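Structure below is query_13.cif: mmCIF, C-alpha atoms.
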data_final
#
loop_
_atom_site.label_atom_id
_atom_site.label_comp_id
_atom_site.auth_asym_id
_atom_site.auth_seq_id
_atom_site.Cartn_x
_atom_site.Cartn_y
_atom_site.Cartn_z
CA MET A 19 66.50 171.32 106.04
CA SER A 20 68.98 172.48 108.59
CA ILE A 21 70.23 175.93 109.48
CA LEU A 22 73.61 174.63 110.62
CA PRO A 23 75.40 175.31 107.30
CA PHE A 24 74.22 178.91 107.49
CA SER A 25 74.85 179.55 111.15
CA GLY A 26 78.07 181.42 110.28
CA ILE A 27 76.26 184.08 108.30
CA ILE A 28 73.41 184.23 110.80
CA ILE A 29 75.99 184.93 113.51
CA LYS A 30 77.65 187.62 111.37
CA LEU A 31 74.28 189.22 110.57
CA CYS A 32 73.22 189.22 114.22
CA ARG A 33 76.56 190.77 115.18
CA ALA A 34 75.94 193.58 112.71
CA TYR A 35 72.77 194.57 114.55
CA THR A 36 73.81 194.11 118.16
CA ASN A 37 76.25 195.79 120.50
CA SER A 38 76.70 193.27 123.26
CA GLN A 39 77.14 189.54 123.67
CA GLU A 40 73.83 189.40 125.54
CA ASP A 41 71.90 191.11 122.74
CA PHE A 42 73.67 188.99 120.17
CA GLU A 43 72.60 185.79 121.94
CA ASP A 44 69.01 187.04 122.13
CA TYR A 45 68.98 187.91 118.44
CA PHE A 46 70.58 184.61 117.44
CA GLN A 47 68.12 182.67 119.55
CA GLU A 48 65.13 184.54 118.18
CA VAL A 49 66.33 183.99 114.61
CA CYS A 50 66.66 180.23 115.24
CA LEU A 51 63.23 180.14 116.87
CA GLN A 52 61.56 182.04 114.04
CA ILE A 53 63.16 179.83 111.39
CA TRP A 54 61.93 176.78 113.26
CA ARG A 55 58.44 178.26 113.71
CA SER A 56 57.97 179.18 110.08
CA LYS A 57 59.71 176.16 108.59
CA GLU A 58 56.35 174.85 107.38
CA SER A 59 55.64 177.98 105.38
CA PHE A 60 58.78 177.47 103.25
CA ARG A 61 57.34 177.01 99.75
CA GLU A 62 60.55 176.38 97.80
CA GLU A 63 59.93 179.52 95.75
CA SER A 64 63.46 180.48 96.70
CA SER A 65 66.41 178.40 97.88
CA TRP A 66 66.45 177.29 101.51
CA SER A 67 69.50 179.46 102.22
CA THR A 68 67.86 182.59 100.77
CA TRP A 69 64.81 181.92 102.87
CA VAL A 70 66.88 181.39 106.02
CA TYR A 71 68.80 184.66 105.46
CA ARG A 72 65.59 186.56 104.71
CA ILE A 73 64.03 185.41 107.97
CA SER A 74 67.25 186.17 109.84
CA LEU A 75 67.30 189.69 108.43
CA ASN A 76 63.60 190.28 109.13
CA VAL A 77 63.98 189.10 112.72
CA CYS A 78 67.05 191.28 113.27
CA LEU A 79 65.29 194.34 111.83
CA THR A 80 62.16 193.68 113.91
CA LEU A 81 64.16 193.28 117.10
CA LEU A 82 66.19 196.37 116.31
CA LYS A 83 62.98 198.35 115.84
CA LYS A 84 61.68 197.04 119.16
CA ASP A 85 64.93 197.96 120.89
CA LYS A 86 64.83 201.45 119.39
CA LYS A 87 61.28 201.89 120.60
CA SER A 88 62.19 200.85 124.12
CA ILE A 89 65.21 203.17 124.04
CA GLY A 90 62.90 205.99 122.94
CA HIS A 91 60.53 205.10 125.71
CA PHE A 92 63.21 205.25 128.38
CA ALA A 93 65.27 208.00 126.78
CA SER A 94 65.97 209.66 130.08
CA ASP A 95 67.29 206.47 131.63
CA THR A 96 71.07 206.56 131.93
CA LEU A 97 71.27 202.78 131.77
CA VAL A 98 70.17 202.84 128.16
CA ALA A 99 73.16 204.84 127.02
CA ALA A 100 75.50 202.28 128.53
CA ASP A 101 73.52 199.49 126.97
CA THR A 102 73.94 200.86 123.46
CA GLU A 103 77.73 201.00 123.70
CA ASP A 104 79.49 198.27 121.79
CA THR A 105 80.76 195.91 124.46
CA PHE A 106 81.63 192.98 122.22
CA VAL A 107 85.20 192.72 120.97
CA PHE A 108 86.61 190.39 118.29
CA SER A 109 90.11 189.10 118.80
CA ASP A 110 91.08 190.65 115.46
CA GLU A 111 91.58 194.42 115.67
CA SER A 112 90.85 195.14 112.00
CA LEU A 113 87.64 193.16 112.17
CA ASN A 114 86.59 195.28 115.15
CA HIS A 115 87.14 198.44 113.15
CA LEU A 116 85.24 197.01 110.22
CA TYR A 117 82.26 195.97 112.35
CA GLU A 118 82.19 199.38 114.06
CA ALA A 119 82.04 200.96 110.62
CA ILE A 120 79.36 198.55 109.38
CA LYS A 121 77.20 199.39 112.38
CA GLN A 122 77.21 203.02 111.29
CA LEU A 123 75.53 202.10 108.02
CA SER A 124 71.77 202.02 107.47
CA GLU A 125 70.00 198.85 108.57
CA ILE A 126 69.59 197.44 105.06
CA ASP A 127 73.10 198.43 103.99
CA ARG A 128 74.49 196.41 106.90
CA ALA A 129 72.76 193.32 105.53
CA VAL A 130 73.84 194.07 101.95
CA ILE A 131 77.52 194.43 102.84
CA THR A 132 77.47 191.38 105.14
CA LEU A 133 75.97 189.23 102.39
CA TYR A 134 78.38 190.69 99.84
CA LEU A 135 81.37 189.92 102.06
CA GLU A 136 79.99 186.40 102.40
CA GLU A 137 80.27 186.19 98.61
CA LYS A 138 76.56 185.94 97.93
CA SER A 139 75.54 186.73 94.37
CA TYR A 140 73.79 190.00 93.55
CA GLN A 141 70.74 187.94 92.62
CA GLU A 142 70.62 186.25 96.02
CA ILE A 143 71.26 189.51 97.90
CA GLY A 144 68.43 191.08 95.92
CA ASP A 145 66.15 188.17 96.75
CA ILE A 146 67.02 188.33 100.44
CA ILE A 147 66.49 192.05 100.93
CA GLY A 148 63.64 192.15 98.42
CA THR A 149 65.07 194.52 95.85
CA ASN A 150 66.11 194.52 92.21
CA PRO A 151 69.44 192.65 91.86
CA ASN A 152 70.54 195.11 89.14
CA ASN A 153 70.90 197.85 91.74
CA ILE A 154 72.93 195.78 94.17
CA GLY A 155 76.28 196.33 92.41
CA VAL A 156 75.93 200.11 92.54
CA ARG A 157 74.72 199.95 96.12
CA ILE A 158 77.72 197.87 97.19
CA LYS A 159 80.12 200.36 95.58
CA ARG A 160 78.44 203.17 97.45
CA ILE A 161 78.53 201.24 100.74
CA LYS A 162 82.24 200.43 100.30
CA SER A 163 83.04 204.10 99.63
CA ARG A 164 81.16 205.07 102.76
CA LEU A 165 82.97 202.41 104.77
CA LYS A 166 86.32 203.71 103.54
CA ILE A 167 85.39 207.19 104.71
CA ILE A 168 84.27 205.91 108.12
CA LEU A 169 87.38 203.75 108.47
CA ASP A 170 89.56 206.69 107.51
CA GLY A 171 92.45 204.69 106.09
CA LYS A 172 92.47 201.90 108.67
CA ILE A 173 91.32 199.54 105.95
CA TYR A 174 91.26 200.46 102.24
CA MET B 13 100.04 197.45 105.88
CA GLU B 14 96.47 198.31 104.99
CA LYS B 15 94.09 195.56 104.02
CA SER B 16 90.98 195.49 101.87
CA ILE B 17 87.53 195.23 103.43
CA GLU B 18 87.11 191.79 101.88
CA ASN B 19 90.42 190.49 103.28
CA THR B 20 89.79 191.96 106.70
CA TRP B 21 86.48 190.17 106.79
CA LYS B 22 87.86 186.81 105.70
CA GLU B 23 91.03 186.84 107.77
CA GLY B 24 89.32 188.38 110.78
CA PHE B 25 86.87 185.56 111.03
CA LEU B 26 89.54 182.96 110.38
CA LYS B 27 91.57 184.27 113.30
CA SER B 28 88.76 184.90 115.76
CA ASP B 29 86.47 182.48 117.51
CA ALA B 30 83.51 184.76 116.85
CA LEU B 31 81.71 182.16 114.81
CA VAL B 32 80.93 179.91 117.72
CA ALA B 33 77.16 179.75 117.99
CA PRO B 34 75.87 180.73 121.40
CA LYS B 35 74.35 178.09 123.66
CA ILE B 36 70.75 177.66 122.78
CA ASN B 37 69.28 176.05 125.88
CA ASN B 38 66.67 178.68 126.18
CA LEU B 39 65.67 178.04 122.60
CA TYR B 40 64.29 174.67 123.61
CA ASN B 41 62.40 176.26 126.49
CA GLN B 42 60.86 178.72 124.09
CA LYS B 43 60.05 176.01 121.58
CA SER B 44 58.44 173.88 124.30
CA ILE B 45 56.38 176.79 125.53
CA HIS B 46 55.40 177.61 121.96
CA ILE B 47 54.21 174.06 121.28
CA THR B 48 52.25 173.56 124.50
CA ALA B 49 50.75 177.05 124.41
CA LYS B 50 49.69 176.55 120.81
CA PHE B 51 48.16 173.19 121.64
CA GLU B 52 46.27 174.63 124.62
CA ARG B 53 45.01 177.54 122.53
CA MET B 54 43.85 175.24 119.74
CA ALA B 55 42.22 172.81 122.16
CA LYS B 56 40.26 175.64 123.81
CA ILE B 57 39.14 176.98 120.42
CA ASN B 58 38.13 173.45 119.47
CA LEU B 59 36.01 173.06 122.62
CA VAL B 60 34.36 176.44 122.09
CA ALA B 61 33.63 175.46 118.48
CA ILE B 62 31.97 172.21 119.65
CA VAL B 63 29.81 174.15 122.16
CA VAL B 64 28.80 176.69 119.50
CA PHE B 65 28.01 173.89 117.06
CA ALA B 66 25.96 171.99 119.70
CA VAL B 67 23.88 175.09 120.49
CA ILE B 68 23.29 175.98 116.82
CA PHE B 69 22.46 172.35 116.05
CA LEU B 70 20.00 172.26 118.96
CA LEU B 71 18.26 175.43 117.73
CA VAL B 72 18.12 174.29 114.11
CA THR B 73 16.86 170.79 114.92
CA THR B 74 14.30 172.12 117.43
CA TYR B 75 13.03 174.60 114.84
CA ASN B 76 12.70 171.77 112.32
CA GLY B 77 10.90 169.41 114.68
CA LEU B 78 13.89 167.16 115.45
CA LEU B 79 13.98 167.97 119.16
CA VAL B 80 15.15 164.51 120.27
CA LEU B 81 18.07 164.60 117.85
CA GLY B 82 19.04 168.13 118.91
CA ILE B 83 18.87 167.40 122.63
CA SER B 84 20.74 164.09 122.28
CA TRP B 85 23.57 165.65 120.31
CA PHE B 86 23.68 168.61 122.67
CA LEU B 87 24.00 166.28 125.68
CA ILE B 88 26.61 164.01 124.08
CA LEU B 89 28.71 166.93 122.84
CA SER B 90 28.38 168.76 126.17
CA GLY B 91 29.62 165.66 127.97
CA LEU B 92 32.54 165.49 125.59
CA VAL B 93 33.38 169.15 126.17
CA ILE B 94 33.14 168.85 129.96
CA VAL B 95 35.43 165.80 130.08
CA ASN B 96 37.99 167.42 127.79
CA TYR B 97 37.83 170.78 129.55
CA ARG B 98 38.57 169.11 132.87
CA SER B 99 41.36 167.17 131.31
CA LEU B 100 42.79 170.35 129.79
CA LYS B 101 42.88 171.91 133.23
CA GLY B 102 45.19 169.06 134.25
CA LEU B 103 47.72 170.46 131.79
CA ASN B 104 48.67 173.09 134.39
CA LYS B 105 50.12 170.33 136.58
CA VAL B 106 52.50 169.41 133.77
CA ASN B 107 54.23 172.78 134.07
CA ASN B 108 56.28 171.76 137.10
CA HIS B 109 59.64 170.58 135.81
CA THR B 110 63.19 171.73 135.90
CA ASN B 111 64.03 171.62 132.22
CA SER B 112 62.35 171.74 128.85
CA TYR B 113 62.99 168.06 128.11
CA GLU B 114 61.24 166.87 131.29
CA TYR B 115 58.48 169.34 130.61
CA LEU B 116 57.98 168.09 127.07
CA VAL B 117 58.08 164.45 128.15
CA SER B 118 55.37 165.09 130.77
CA PHE B 119 53.37 167.06 128.24
CA ASN B 120 53.69 164.18 125.79
CA ASP B 121 52.58 161.70 128.51
CA TRP B 122 49.61 163.90 129.34
CA LEU B 123 48.78 164.14 125.64
CA GLN B 124 48.96 160.38 125.11
CA ASN B 125 46.62 159.84 128.10
CA GLN B 126 44.27 162.42 126.69
CA LEU B 127 44.29 160.79 123.26
CA SER B 128 43.80 157.33 124.71
CA MET B 129 40.83 158.52 126.80
CA ASN B 130 39.26 160.22 123.79
CA ARG B 131 39.85 157.19 121.59
CA LYS B 132 37.90 155.07 124.07
CA MET B 133 35.16 157.68 124.31
CA ALA B 134 34.98 157.93 120.52
CA ARG B 135 34.08 154.24 120.32
CA LEU B 136 31.00 155.11 122.33
CA TYR B 137 29.96 158.51 121.14
CA TYR B 138 30.27 157.88 117.39
CA PRO B 139 27.76 154.98 117.57
CA LEU B 140 25.63 157.04 119.96
CA LEU B 141 25.57 160.00 117.59
CA PHE B 142 24.57 157.68 114.78
CA LEU B 143 21.80 156.03 116.83
CA THR B 144 20.42 159.39 117.91
CA ILE B 145 20.20 160.43 114.24
CA ILE B 146 18.14 157.30 113.55
CA ILE B 147 15.95 157.75 116.65
CA GLY B 148 15.60 161.49 115.99
CA PHE B 149 14.38 160.96 112.45
CA TRP B 150 12.29 157.94 113.50
CA LEU B 151 10.36 160.15 115.94
CA PHE B 152 10.13 163.09 113.52
CA ASP B 153 6.49 164.06 113.12
CA ALA B 154 5.42 163.32 109.53
CA GLU B 155 1.88 164.60 109.22
CA GLY B 156 0.77 163.28 112.60
CA ILE B 157 2.63 159.95 112.42
CA PRO B 158 6.27 159.39 113.45
CA LEU B 159 8.44 159.21 110.30
CA GLY B 160 9.79 155.77 111.30
CA GLU B 161 6.36 154.22 111.56
CA ARG B 162 5.34 155.83 108.31
CA LEU B 163 8.39 154.40 106.54
CA VAL B 164 7.76 150.94 107.99
CA GLY B 165 4.19 151.20 106.73
CA GLU B 166 5.48 152.07 103.26
CA VAL B 167 7.91 149.13 103.34
CA LEU B 168 5.20 146.71 104.46
CA TYR B 169 2.91 148.01 101.75
CA GLY B 170 5.58 147.25 99.09
CA PHE B 171 6.98 144.09 100.71
CA PRO B 172 4.27 142.53 102.87
CA ASP B 173 6.41 139.51 103.72
CA THR B 174 9.18 141.59 105.37
CA TYR B 175 10.43 139.93 108.58
CA MET B 176 9.82 142.28 111.51
CA LEU B 177 11.30 142.46 114.99
CA ASN B 178 9.46 144.63 117.52
CA GLY B 179 7.81 146.52 114.69
CA ILE B 180 11.05 147.24 112.83
CA PRO B 181 12.18 145.42 109.67
CA LEU B 182 14.92 142.93 110.61
CA LEU B 183 17.07 144.05 107.65
CA ALA B 184 17.02 147.63 108.93
CA ILE B 185 18.04 146.44 112.39
CA ILE B 186 20.90 144.40 110.93
CA PHE B 187 22.00 147.36 108.80
CA MET B 188 22.02 149.67 111.82
CA ALA B 189 23.77 147.07 113.96
CA VAL B 190 26.50 146.74 111.33
CA ILE B 191 27.02 150.51 111.19
CA VAL B 192 27.04 150.76 115.00
CA GLY B 193 29.53 147.87 115.11
CA VAL B 194 31.78 149.51 112.51
CA LEU B 195 31.64 152.83 114.37
CA PHE B 196 32.44 151.04 117.62
CA LEU B 197 35.37 149.19 116.06
CA PHE B 198 36.79 152.13 114.13
CA GLY B 199 35.65 154.98 116.40
CA GLY B 200 39.16 155.33 117.81
CA LYS B 201 40.69 155.45 114.34
CA ILE B 202 38.13 157.96 113.10
CA TYR B 203 38.90 160.10 116.13
CA MET B 204 42.66 159.89 115.47
CA LEU B 205 42.10 160.89 111.85
CA ASP B 206 40.05 163.83 113.00
CA VAL B 207 42.72 164.81 115.53
CA SER B 208 45.57 164.49 113.08
CA ILE B 209 43.82 166.87 110.68
CA ILE B 210 43.57 169.53 113.38
CA TYR B 211 46.66 168.89 115.51
CA GLY B 212 48.87 166.89 113.14
CA ARG B 213 51.42 169.68 112.69
CA ILE B 214 51.77 170.26 116.42
CA PHE B 215 52.22 166.55 117.09
CA LYS B 216 54.91 166.39 114.44
CA LYS B 217 56.67 169.40 115.91
CA LEU B 218 56.49 167.84 119.36
CA ASP B 219 58.00 164.56 118.10
CA ASP B 220 60.73 166.42 116.21
CA LEU B 221 61.55 168.56 119.21
CA LEU B 222 61.73 165.59 121.57
CA ALA B 223 63.95 163.74 119.10
CA ASP B 224 66.10 166.88 118.76
CA ILE B 225 66.63 167.26 122.50
CA GLU B 226 67.27 163.54 122.94
CA GLU B 227 69.89 163.69 120.20
CA LEU B 228 71.41 166.76 121.81
CA LYS B 229 71.53 165.00 125.18
CA GLU B 230 73.34 162.03 123.67
#
Would you mind writing the file out in structure tokens?
Amino acid sequence: MSILPFSGIIIKLCRAYTNSQEDFEDYFQEVCLQIWRSKESFREESSWSTWVYRISLNVCLTLLKKDKKSIGHFASDTLVAADTEDTFVFSDESLNHLYEAIKQLSEIDRAVITLYLEEKSYQEIGDIIGTNPNNIGVRIKRIKSRLKIILDGKIY
Amino acid sequence: MEKSIENTWKEGFLKSDALVAPKINNLYNQKSIHITAKFERMAKINLVAIVVFAVIFLLVTTYNGLLVLGISWFLILSGLVIVNYRSLKGLNKVNNHTNSYEYLVSFNDWLQNQLSMNRKMARLYYPLLFLTIIIGFWLFDAEGIPLGERLVGEVLYGFPDTYMLNGIPLLAIIFMAVIVGVLFLFGGKIYMLDVSIIYGRIFKKLDDLLADIEELKE
């Protein structure tokens, strides 16, 4: 049971929740650590990949919550504002625009669209985020419409 | 020309090098710390549990007139706890290395020493615990007479030709000697079985992690 085949999506998920290379590395590392720690609790009730993505998502959301708390705690600190700016840049311009738009979505919607773009089935997306797969199709349509508005014609 | 979200995603990642996983050196540090900290925590809980058990056992046996058994077990278990507590303190010296691999190797060495010491001790204290049960019950006051003597009396009444050695039936001595011998021979294995039930998962994680880092180094 290795996470190597899924590292691509883990990287993409972590990127969707972080704004700097440093944060991304922290998130990626924590995801790997948590998968390793809880490997024994994998009960084969779902596929290994679903389980890996679910842990990745949970870790990202937990870390994001922690980060938000610490930002709230030091709200008056000017350093925090700089820290929340997106300092990571992909070599592809369109991908940068797309990621900027994705980061404006709600936390769960970011995961849904990332998994959708990675061609995961509605069933698997539903399993990962813990929701009814029947609603995923509608949700994705809504997310794509919102992305189009945010992107304002840069990508259709 | 405008592109779809799906195409942007696919092509963007094909073009960029954004899918290179970050270096995960620190991951091994964290894993190492996690394993050793977990082991230390479990070992301390284990020692506390032995102390609590020894005290409760002493109280229960004293209350029930098995003072010798209670005191013997209390002393043996206390000795065991003291030796292991001191040894656990030595774990702090392990934390003095430059990287996680060296740290884990020293931890593993320390652990193997610890296990070897306890295996040797187990060959002594398992027979001792058994003998103290026998002696404890032998001396138990059964209506004014020690239970052992009373039982011997009963045996002699039923089998008057029983061969005795120092007032104890020879068969009983042989039986006890066999059990003591078995406990002496297999004490180490019994201890390892006991340890693997409690710490088996951690040991496996440690082996996996060491193998992982060694593979990575190669």
- Query: Quick one: distance from CA of Lys162 in chain A to CA of Glu40 in chain A in Å, one decimal?
  - Reply: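 Value for the CA of Lys162 in chain A-CA of Glu40 in chain A distance: 28.8 Å.
The space separating CA of Asn19 in chain B from CA of Ile28 in chain A comes to 19.6 Å.
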- Message: Applying the PyMOL selection byres ((chain A) within 9 of (chain B)) to the file I just gave you, which residues come out? Please list them as a ChimeraX atom specification.
- Response: /A:25-27,29-30,42-43,46-48,50-51,54-55,58,108-114,116,135-136,162,165-166,171-174
Only C-alpha atoms, please: the residues just picked out, written as a CSV table (one decimal), in the frame of the given file.
chain,number,residue,atom,x,y,z
A,25,SER,CA,74.8,179.6,111.2
A,26,GLY,CA,78.1,181.4,110.3
A,27,ILE,CA,76.3,184.1,108.3
A,29,ILE,CA,76.0,184.9,113.5
A,30,LYS,CA,77.6,187.6,111.4
A,42,PHE,CA,73.7,189.0,120.2
A,43,GLU,CA,72.6,185.8,121.9
A,46,PHE,CA,70.6,184.6,117.4
A,47,GLN,CA,68.1,182.7,119.6
A,48,GLU,CA,65.1,184.5,118.2
A,50,CYS,CA,66.7,180.2,115.2
A,51,LEU,CA,63.2,180.1,116.9
A,54,TRP,CA,61.9,176.8,113.3
A,55,ARG,CA,58.4,178.3,113.7
A,58,GLU,CA,56.4,174.8,107.4
A,108,PHE,CA,86.6,190.4,118.3
A,109,SER,CA,90.1,189.1,118.8
A,110,ASP,CA,91.1,190.6,115.5
A,111,GLU,CA,91.6,194.4,115.7
A,112,SER,CA,90.8,195.1,112.0
A,113,LEU,CA,87.6,193.2,112.2
A,114,ASN,CA,86.6,195.3,115.2
A,116,LEU,CA,85.2,197.0,110.2
A,135,LEU,CA,81.4,189.9,102.1
A,136,GLU,CA,80.0,186.4,102.4
A,162,LYS,CA,82.2,200.4,100.3
A,165,LEU,CA,83.0,202.4,104.8
A,166,LYS,CA,86.3,203.7,103.5
A,171,GLY,CA,92.4,204.7,106.1
A,172,LYS,CA,92.5,201.9,108.7
A,173,ILE,CA,91.3,199.5,106.0
A,174,TYR,CA,91.3,200.5,102.2
Could you list the residues chosen by the PyMOL selection byres ((chain A and resi 81) around 10) in this structure as a tab-separated table (two decimals) with C-alpha atoms, keeping the file's coordinate frame?
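Final output, selection.tsv:
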chain	number	residue	atom	x	y	z
A	35	TYR	CA	72.77	194.57	114.55
A	36	THR	CA	73.81	194.11	118.16
A	41	ASP	CA	71.90	191.11	122.74
A	44	ASP	CA	69.01	187.04	122.13
A	45	TYR	CA	68.98	187.91	118.44
A	48	GLU	CA	65.13	184.54	118.18
A	49	VAL	CA	66.33	183.99	114.61
A	75	LEU	CA	67.30	189.69	108.43
A	76	ASN	CA	63.60	190.28	109.13
A	77	VAL	CA	63.98	189.10	112.72
A	78	CYS	CA	67.05	191.28	113.27
A	79	LEU	CA	65.29	194.34	111.83
A	80	THR	CA	62.16	193.68	113.91
A	82	LEU	CA	66.19	196.37	116.31
A	83	LYS	CA	62.98	198.35	115.84
A	84	LYS	CA	61.68	197.04	119.16
A	85	ASP	CA	64.93	197.96	120.89
A	86	LYS	CA	64.83	201.45	119.39
A	87	LYS	CA	61.28	201.89	120.60
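Note that the spacing between CA of Arg128 in chain A and CA of Ile161 in chain A amounts to 8.8 Å.
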- Would you mind telling me which residue in A:Ala129, A:Ser67, A:Arg72, A:Ser56 lies nearest to Arg33 in chain A when using only C-alpha atoms? A:Ala129
Residues matched by the PyMOL selection byres ((chain B and resi 93) around 10) as an mmCIF file with C-alpha atoms, keeping the file's coordinate frame:
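Written out: part.cif:
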data_model
loop_
_atom_site.group_PDB
_atom_site.id
_atom_site.type_symbol
_atom_site.label_atom_id
_atom_site.label_comp_id
_atom_site.auth_asym_id
_atom_site.auth_seq_id
_atom_site.Cartn_x
_atom_site.Cartn_y
_atom_site.Cartn_z
ATOM 1 C CA LYS B 56 40.260 175.640 123.810
ATOM 2 C CA ASN B 58 38.130 173.450 119.470
ATOM 3 C CA LEU B 59 36.010 173.060 122.620
ATOM 4 C CA VAL B 60 34.360 176.440 122.090
ATOM 5 C CA ALA B 61 33.630 175.460 118.480
ATOM 6 C CA ILE B 62 31.970 172.210 119.650
ATOM 7 C CA VAL B 63 29.810 174.150 122.160
ATOM 8 C CA LEU B 87 24.000 166.280 125.680
ATOM 9 C CA ILE B 88 26.610 164.010 124.080
ATOM 10 C CA LEU B 89 28.710 166.930 122.840
ATOM 11 C CA SER B 90 28.380 168.760 126.170
ATOM 12 C CA GLY B 91 29.620 165.660 127.970
ATOM 13 C CA LEU B 92 32.540 165.490 125.590
ATOM 14 C CA ILE B 94 33.140 168.850 129.960
ATOM 15 C CA VAL B 95 35.430 165.800 130.080
ATOM 16 C CA ASN B 96 37.990 167.420 127.790
ATOM 17 C CA TYR B 97 37.830 170.780 129.550
ATOM 18 C CA ARG B 98 38.570 169.110 132.870
ATOM 19 C CA SER B 99 41.360 167.170 131.310
#
- Query: Nearest to Gly148 in chain A: which of A:Phe24, A:Tyr71, A:Tyr134, A:Trp66 is it, counting all atoms listed in the file?
  - Reply: A:Tyr71
- Could you name the residues that touch Leu143 in chain B at 8 Å or less, counting only C-alpha atoms, but leaving out those on the same chain fewer than 4 positions away, as a PyMOL selection string? chain B and resi 139+147+192
Provide an axis-aligned box for all listed atoms of range 136-155 of chain B, padding each side by 5 Å; report its centre and its edge lengths in Å to one decimal, as JSON.
{"center_x": 16.4, "center_y": 159.8, "center_z": 115.8, "size_x": 39.1, "size_y": 19.6, "size_z": 23.1}
- Task: Could you tell me which of B:Phe51, B:Phe149, B:Phe196, B:Phe65 comes closest to Arg131 in chain B if we count all atoms listed in the file?
- Result: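 Ranked by minimum distance to Arg131 in chain B, first place goes to B:Phe196.
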- Message: Is it possible to get the residues within 10 Å of (44.4, 162.7, 131.7) (coordinates as in the file, counting all atoms listed in the file) written as a list in words?
- Response: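 Result, sorted by chain then residue number: Val95, Asn96, Arg98, Ser99, Leu100, Lys101, Gly102, Leu103, Asp121, Trp122, Leu123, Gln124, Asn125, Gln126, Leu127, Ser128, Met129 and Asn130 of chain B.
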Output C-alpha atoms for every residue in that selection, as a PDB file, keeping the file's coordinate frame.
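Below you can see out_11.pdb, which holds the result:
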ATOM      1  CA  VAL B  95      35.430 165.800 130.080  1.00  0.00           C
ATOM      2  CA  ASN B  96      37.990 167.420 127.790  1.00  0.00           C
ATOM      3  CA  ARG B  98      38.570 169.110 132.870  1.00  0.00           C
ATOM      4  CA  SER B  99      41.360 167.170 131.310  1.00  0.00           C
ATOM      5  CA  LEU B 100      42.790 170.350 129.790  1.00  0.00           C
ATOM      6  CA  LYS B 101      42.880 171.910 133.230  1.00  0.00           C
ATOM      7  CA  GLY B 102      45.190 169.060 134.250  1.00  0.00           C
ATOM      8  CA  LEU B 103      47.720 170.460 131.790  1.00  0.00           C
ATOM      9  CA  ASP B 121      52.580 161.700 128.510  1.00  0.00           C
ATOM     10  CA  TRP B 122      49.610 163.900 129.340  1.00  0.00           C
ATOM     11  CA  LEU B 123      48.780 164.140 125.640  1.00  0.00           C
ATOM     12  CA  GLN B 124      48.960 160.380 125.110  1.00  0.00           C
ATOM     13  CA  ASN B 125      46.620 159.840 128.100  1.00  0.00           C
ATOM     14  CA  GLN B 126      44.270 162.420 126.690  1.00  0.00           C
ATOM     15  CA  LEU B 127      44.290 160.790 123.260  1.00  0.00           C
ATOM     16  CA  SER B 128      43.800 157.330 124.710  1.00  0.00           C
ATOM     17  CA  MET B 129      40.830 158.520 126.800  1.00  0.00           C
ATOM     18  CA  ASN B 130      39.260 160.220 123.790  1.00  0.00           C
TER      19      ASN B 130
END
Take range 124-134 of chain B, bring it up to N, CA and C atoms, and give me the output as a PDB file, in the coordinates of the input.
ATOM      1  N   GLN B 124      49.262 161.769 125.472  1.00  0.00           N
ATOM      2  CA  GLN B 124      48.960 160.380 125.110  1.00  0.00           C
ATOM      3  C   GLN B 124      47.788 159.850 125.939  1.00  0.00           C
ATOM      4  N   ASN B 125      47.753 160.230 127.247  1.00  0.00           N
ATOM      5  CA  ASN B 125      46.620 159.840 128.100  1.00  0.00           C
ATOM      6  C   ASN B 125      45.325 160.422 127.566  1.00  0.00           C
ATOM      7  N   GLN B 126      45.430 161.693 127.217  1.00  0.00           N
ATOM      8  CA  GLN B 126      44.270 162.420 126.690  1.00  0.00           C
ATOM      9  C   GLN B 126      43.750 161.751 125.415  1.00  0.00           C
ATOM     10  N   LEU B 127      44.676 161.409 124.531  1.00  0.00           N
ATOM     11  CA  LEU B 127      44.290 160.790 123.260  1.00  0.00           C
ATOM     12  C   LEU B 127      43.677 159.413 123.500  1.00  0.00           C
ATOM     13  N   SER B 128      44.300 158.668 124.421  1.00  0.00           N
ATOM     14  CA  SER B 128      43.800 157.330 124.710  1.00  0.00           C
ATOM     15  C   SER B 128      42.379 157.400 125.289  1.00  0.00           C
ATOM     16  N   MET B 129      42.165 158.352 126.196  1.00  0.00           N
ATOM     17  CA  MET B 129      40.830 158.520 126.800  1.00  0.00           C
ATOM     18  C   MET B 129      39.806 158.876 125.712  1.00  0.00           C
ATOM     19  N   ASN B 130      40.190 159.796 124.843  1.00  0.00           N
ATOM     20  CA  ASN B 130      39.260 160.220 123.790  1.00  0.00           C
ATOM     21  C   ASN B 130      39.008 159.130 122.757  1.00  0.00           C
ATOM     22  N   ARG B 131      40.039 158.304 122.536  1.00  0.00           N
ATOM     23  CA  ARG B 131      39.850 157.190 121.590  1.00  0.00           C
ATOM     24  C   ARG B 131      38.783 156.232 122.130  1.00  0.00           C
ATOM     25  N   LYS B 132      38.879 155.971 123.443  1.00  0.00           N
ATOM     26  CA  LYS B 132      37.900 155.070 124.070  1.00  0.00           C
ATOM     27  C   LYS B 132      36.504 155.699 124.014  1.00  0.00           C
ATOM     28  N   MET B 133      36.462 156.993 124.324  1.00  0.00           N
ATOM     29  CA  MET B 133      35.160 157.680 124.310  1.00  0.00           C
ATOM     30  C   MET B 133      34.571 157.704 122.900  1.00  0.00           C
ATOM     31  N   ALA B 134      35.454 157.850 121.911  1.00  0.00           N
ATOM     32  CA  ALA B 134      34.980 157.930 120.520  1.00  0.00           C
ATOM     33  C   ALA B 134      34.273 156.652 120.107  1.00  0.00           C
TER      34      ALA B 134
END
